[in-house]
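Structure data follow from target25.txt (compact mmCIF, C-alpha atoms):
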```
# COMPACT_ATOMS: atom_id res chain seq x y z
CA MET A 1 0.00 0.00 0.00
CA ALA A 2 1.44 3.35 -1.06
CA LEU A 3 1.86 6.09 1.49
CA SER A 4 0.09 9.39 0.99
CA PHE A 5 2.08 12.63 0.90
CA ALA A 6 0.83 13.53 4.39
CA GLN A 7 1.93 10.14 5.77
CA LYS A 8 5.38 10.56 4.20
CA GLU A 9 5.68 14.06 5.70
CA ALA A 10 4.75 12.69 9.13
CA ILE A 11 7.37 9.92 8.88
CA VAL A 12 10.08 12.37 7.79
CA ALA A 13 9.18 14.76 10.63
CA GLU A 14 9.20 11.95 13.23
CA VAL A 15 12.54 10.48 12.11
CA ALA A 16 14.09 13.96 11.81
CA GLU A 17 13.03 14.81 15.38
CA VAL A 18 14.46 11.55 16.71
CA ALA A 19 17.68 12.07 14.74
CA ARG A 20 18.13 15.62 16.11
CA ASN A 21 18.00 14.32 19.68
CA ALA A 22 19.93 11.06 19.16
CA TYR A 23 23.53 10.49 20.20
CA SER A 24 24.38 7.84 17.61
CA ALA A 25 22.76 5.77 14.88
CA VAL A 26 23.16 2.30 13.44
CA GLY A 27 21.81 1.11 10.09
CA ALA A 28 21.57 -2.62 9.48
CA GLU A 29 20.35 -4.85 6.69
CA TYR A 30 17.55 -7.10 7.90
CA ARG A 31 16.77 -9.05 4.73
CA GLY A 32 15.69 -12.61 5.58
CA LEU A 33 14.58 -11.99 9.17
CA THR A 34 11.11 -13.07 10.25
CA VAL A 35 8.49 -10.79 11.75
CA GLU A 36 9.02 -12.46 15.13
CA GLN A 37 12.75 -11.79 15.00
CA MET A 38 12.16 -8.13 14.12
CA THR A 39 9.67 -7.91 16.98
CA ASP A 40 12.32 -9.32 19.33
CA LEU A 41 14.74 -6.63 18.09
CA ARG A 42 12.17 -3.90 18.74
CA VAL A 43 11.46 -5.22 22.25
CA GLU A 44 15.17 -5.28 23.16
CA ALA A 45 15.65 -1.83 21.66
CA ARG A 46 12.73 -0.38 23.63
CA LYS A 47 14.21 -1.78 26.87
CA ALA A 48 17.53 -0.08 26.09
CA GLY A 49 16.01 3.29 25.13
CA VAL A 50 16.74 2.85 21.43
CA TYR A 51 14.37 4.08 18.72
CA VAL A 52 14.11 1.50 15.91
CA ARG A 53 12.37 2.17 12.63
CA VAL A 54 12.28 0.77 9.11
CA VAL A 55 12.00 3.76 6.78
CA LYS A 56 12.22 4.08 3.02
CA ASN A 57 15.71 5.26 2.12
CA SER A 58 14.43 8.30 0.24
CA LEU A 59 12.45 9.40 3.30
CA ALA A 60 15.41 8.73 5.60
CA LYS A 61 17.63 10.93 3.40
CA ARG A 62 15.13 13.79 3.75
CA ALA A 63 14.89 13.25 7.51
CA PHE A 64 18.69 13.25 7.95
CA ALA A 65 19.18 16.43 5.89
CA ASP A 66 19.76 18.89 8.75
CA THR A 67 21.06 16.48 11.40
CA ASP A 68 24.37 14.94 12.44
CA PHE A 69 23.38 11.83 10.52
CA ALA A 70 23.48 13.42 7.05
CA CYS A 71 26.81 11.58 6.71
CA MET A 72 24.83 8.31 6.44
CA GLU A 73 23.06 9.44 3.25
CA GLU A 74 25.28 7.62 0.74
CA GLY A 75 25.01 4.33 2.63
CA LEU A 76 21.21 4.30 2.62
CA THR A 77 20.73 1.51 0.08
CA GLY A 78 18.72 -1.68 0.28
CA PRO A 79 16.39 -2.66 3.09
CA LEU A 80 17.71 -1.08 6.29
CA VAL A 81 16.46 -0.86 9.84
CA LEU A 82 17.65 2.30 11.60
CA ALA A 83 18.38 2.41 15.33
CA PHE A 84 18.98 5.66 17.22
CA SER A 85 20.55 5.90 20.69
CA GLN A 86 18.31 8.11 22.80
CA GLU A 87 19.86 7.72 26.26
CA ASP A 88 23.59 7.14 25.74
CA PRO A 89 25.88 6.93 22.69
CA GLY A 90 26.51 3.19 22.86
CA SER A 91 23.01 1.82 23.42
CA ALA A 92 22.05 1.34 19.74
CA ALA A 93 25.40 -0.31 19.07
CA ARG A 94 24.95 -2.66 22.05
CA VAL A 95 21.46 -3.66 20.88
CA ALA A 96 22.63 -4.20 17.28
CA GLN A 97 25.70 -6.14 18.37
CA ALA A 98 23.74 -8.43 20.70
CA PHE A 99 21.06 -9.06 18.06
CA ALA A 100 23.64 -9.74 15.32
CA LYS A 101 25.27 -12.46 17.45
CA GLY A 102 22.10 -14.55 17.31
CA HIS A 103 21.01 -13.68 13.77
CA ASP A 104 23.39 -14.20 10.84
CA ARG A 105 21.14 -12.34 8.40
CA PHE A 106 21.29 -9.12 10.46
CA LYS A 107 24.28 -7.19 9.07
CA VAL A 108 25.33 -3.77 10.33
CA LYS A 109 26.10 -1.49 7.37
CA LEU A 110 26.20 2.02 8.87
CA VAL A 111 27.47 3.40 12.17
CA ALA A 112 27.45 7.14 12.93
CA ILE A 113 28.15 9.26 15.98
CA GLY A 114 28.54 13.03 16.30
CA GLY A 115 28.26 13.71 12.57
CA LYS A 116 30.96 11.21 11.69
CA LEU A 117 30.38 8.00 9.74
CA LEU A 118 32.35 5.11 11.23
CA ASP A 119 33.32 1.83 9.64
CA PRO A 120 30.87 -0.97 10.60
CA SER A 121 33.82 -2.82 12.19
CA GLU A 122 33.91 -0.04 14.83
CA LEU A 123 30.50 -1.10 16.16
CA ASP A 124 32.26 -2.93 19.00
CA THR A 125 34.11 0.23 20.04
CA LEU A 126 30.88 2.21 20.14
CA ALA A 127 29.11 -0.57 22.03
CA LYS A 128 31.79 -0.48 24.75
CA MET A 129 31.23 3.21 25.46
CA PRO A 130 30.05 3.71 29.04
CA THR A 131 26.51 4.74 29.85
CA TYR A 132 25.95 8.13 31.46
CA ASP A 133 25.87 6.61 34.96
CA GLU A 134 29.02 4.55 34.31
CA ALA A 135 30.85 7.64 33.01
CA ILE A 136 29.85 9.67 36.08
CA SER A 137 30.96 6.80 38.33
CA GLN A 138 34.36 6.63 36.59
CA LEU A 139 34.77 10.40 36.84
CA MET A 140 33.94 10.36 40.55
CA ALA A 141 36.43 7.54 41.14
CA VAL A 142 39.17 9.55 39.39
CA MET A 143 38.30 12.67 41.38
CA LYS A 144 38.11 10.78 44.69
CA ALA A 145 41.46 8.96 44.41
CA PRO A 146 43.82 11.91 45.15
CA VAL A 147 41.72 13.06 48.11
CA GLN A 148 41.60 9.53 49.47
CA LYS A 149 45.40 9.16 49.14
CA LEU A 150 45.95 12.52 50.85
CA ALA A 151 43.70 11.52 53.74
CA ALA A 152 45.49 8.18 54.09
CA THR A 153 48.89 9.92 54.06
CA LEU A 154 47.82 12.48 56.67
CA ASN A 155 46.34 9.72 58.81
CA GLU A 156 49.58 7.73 58.62
CA VAL A 157 51.58 10.33 60.62
CA PRO A 158 49.60 10.00 63.88
CA GLY A 159 49.21 6.27 63.29
CA LYS A 160 52.97 5.85 63.05
CA LEU A 161 53.43 7.92 66.22
CA VAL A 162 50.95 5.74 68.10
CA ARG A 163 52.68 2.54 66.91
CA THR A 164 56.09 3.94 67.92
CA LEU A 165 54.83 4.89 71.40
CA ALA A 166 53.23 1.46 71.78
CA ALA A 167 56.52 -0.22 70.83
CA ILE A 168 58.42 1.93 73.36
CA ARG A 169 55.84 1.10 76.05
CA ASP A 170 56.15 -2.63 75.28
CA THR A 171 59.97 -2.56 75.47
CA LYS A 172 59.85 -0.69 78.82
CA ALA A 173 57.27 -3.14 80.17
CA GLU A 174 59.56 -6.07 79.28
CA GLY A 175 62.71 -4.52 80.70
```
What does this structure look like when you write it as structure tokens?
Amino acid sequence: MALSFAQKEAIVAEVAEVARNAYSAVGAEYRGLTVEQMTDLRVEARKAGVYVRVVKNSLAKRAFADTDFACMEEGLTGPLVLAFSQEDPGSAARVAQAFAKGHDRFKVKLVAIGGKLLDPSELDTLAKMPTYDEAISQLMAVMKAPVQKLAATLNEVPGKLVRTLAAIRDTKAEG
């Protein structure tokens, strides 16, 4: 069934809005997957905060026009499912990578982040990026380490004094 002009406009507007707010995008060929398998992909994506959509390539090109994902334009060929990371840069890559492990017919063709098109082999690198909470945790650990070492060093001076006095007391008690 052909889409009306109004329906096409709505799809372009929706995808463009998602693309403007997304951190990264993954495009994968899904030829040969069943409806159930695609449903499983959508369920996993929804859990991870990833927007997944199958869009005609001509509509996707229009939607990407004024976004960071315009770099994906030339690679939009064949049947592609597009996944956009909404919560953290690596979430779409993690979903695509996990799904590809169990489905040979799912092949990642496009990977983009921050206006830069990456090679599909770099999907693993993007998937390993920390989530927002993990990044904050790592930052706090880095910031806490020097303070913790300073406190331990300052605490060592009176501790050493107490141990020295205890050793002197013990030697006097013996002698």
Selected residue, from A:Ala145, A:Ala92, A:Val52, A:Leu80, that lies nearest to Leu33 of chain A when counting all atoms listed in the file: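 Smallest separation from Leu33 of chain A among the options: A:Leu80.
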Top pick for closest residue to Val55 of chain A, considering A:Val12, A:Val162, A:Ala167, A:Ala22 and counting only C-alpha atoms: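 Once distances to Val55 of chain A are computed over only C-alpha atoms, the minimum belongs to A:Val12.
Taking atom CA of Met143 of chain A as the reference point, atom CA of Pro89 of chain A is found at 23.2 Å.
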Work out where the centre of an axis-aligned box around every listed atom of segment 144-147 of chain A lies and how long its edges are once 3 Å is added on each side; give both in Å to one decimal as JSON.
```
{"center_x": 41.0, "center_y": 11.0, "center_z": 46.3, "size_x": 11.7, "size_y": 10.1, "size_z": 9.7}
```
Do you know which residues lie at most 8 Å from (24.0, 13.6, 11.8), with coordinates as in the file and only C-alpha atoms counted, and could you write them as a PDB file with C-alpha atoms, keeping the file's coordinate frame?
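Final output, out27.pdb:
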```pdb
ATOM      1  CA  ALA A  19      17.680  12.070  14.740  1.00  0.00           C
ATOM      2  CA  ARG A  20      18.130  15.620  16.110  1.00  0.00           C
ATOM      3  CA  PHE A  64      18.690  13.250   7.950  1.00  0.00           C
ATOM      4  CA  ASP A  66      19.760  18.890   8.750  1.00  0.00           C
ATOM      5  CA  THR A  67      21.060  16.480  11.400  1.00  0.00           C
ATOM      6  CA  ASP A  68      24.370  14.940  12.440  1.00  0.00           C
ATOM      7  CA  PHE A  69      23.380  11.830  10.520  1.00  0.00           C
ATOM      8  CA  ALA A  70      23.480  13.420   7.050  1.00  0.00           C
ATOM      9  CA  CYS A  71      26.810  11.580   6.710  1.00  0.00           C
ATOM     10  CA  MET A  72      24.830   8.310   6.440  1.00  0.00           C
ATOM     11  CA  ALA A 112      27.450   7.140  12.930  1.00  0.00           C
ATOM     12  CA  ILE A 113      28.150   9.260  15.980  1.00  0.00           C
ATOM     13  CA  GLY A 114      28.540  13.030  16.300  1.00  0.00           C
ATOM     14  CA  GLY A 115      28.260  13.710  12.570  1.00  0.00           C
ATOM     15  CA  LYS A 116      30.960  11.210  11.690  1.00  0.00           C
TER      16      LYS A 116
END
```
All residues 10 Å or closer to segment 127-134 of chain A, all atoms listed in the file, same chain fewer than 5 positions away omitted, as a PyMOL selection string: chain A and resi 87-98+122+139-140
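With all atoms listed in the file as the atoms that count, the residue of A:Val18, A:Ile136, A:Val35, A:Ile11 with the shortest distance to Asn57 of chain A is A:Ile11.
Ranking A:Arg42, A:Lys61, A:Lys144, A:Lys172 by their shortest atom-to-atom distance to Gly75 of chain A, with all atoms listed in the file included, puts A:Lys61 first.
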Straight-line distance linking atom CA of Leu41 of chain A with atom CA of Phe99 of chain A, stated in Å to one decimal: 6.8 Å
Find the residues around Val111 of chain A up to 6 Å (only C-alpha atoms counted), leave out those fewer than 3 positions away in its own chain, and share them as a PDB file with C-alpha atoms, keeping the file's coordinate frame.
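In the end it all went to out19.pdb:
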```pdb
ATOM      1  CA  ALA A  25      22.760   5.770  14.880  1.00  0.00           C
ATOM      2  CA  VAL A  26      23.160   2.300  13.440  1.00  0.00           C
ATOM      3  CA  LEU A 117      30.380   8.000   9.740  1.00  0.00           C
ATOM      4  CA  LEU A 118      32.350   5.110  11.230  1.00  0.00           C
ATOM      5  CA  PRO A 120      30.870  -0.970  10.600  1.00  0.00           C
TER       6      PRO A 120
END
```
Radius query 12 Å about (21.3, -16.6, 12.2), atoms used: only C-alpha atoms, as an MDAnalysis selection string: chainID A and resid 30:34 37 99:107
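With all atoms listed in the file as the atoms that count, the minimum distance from Glu44 of chain A to the choices A:Ala6, A:Ala83, A:Ala16, A:Val157 is reached by A:Ala83.
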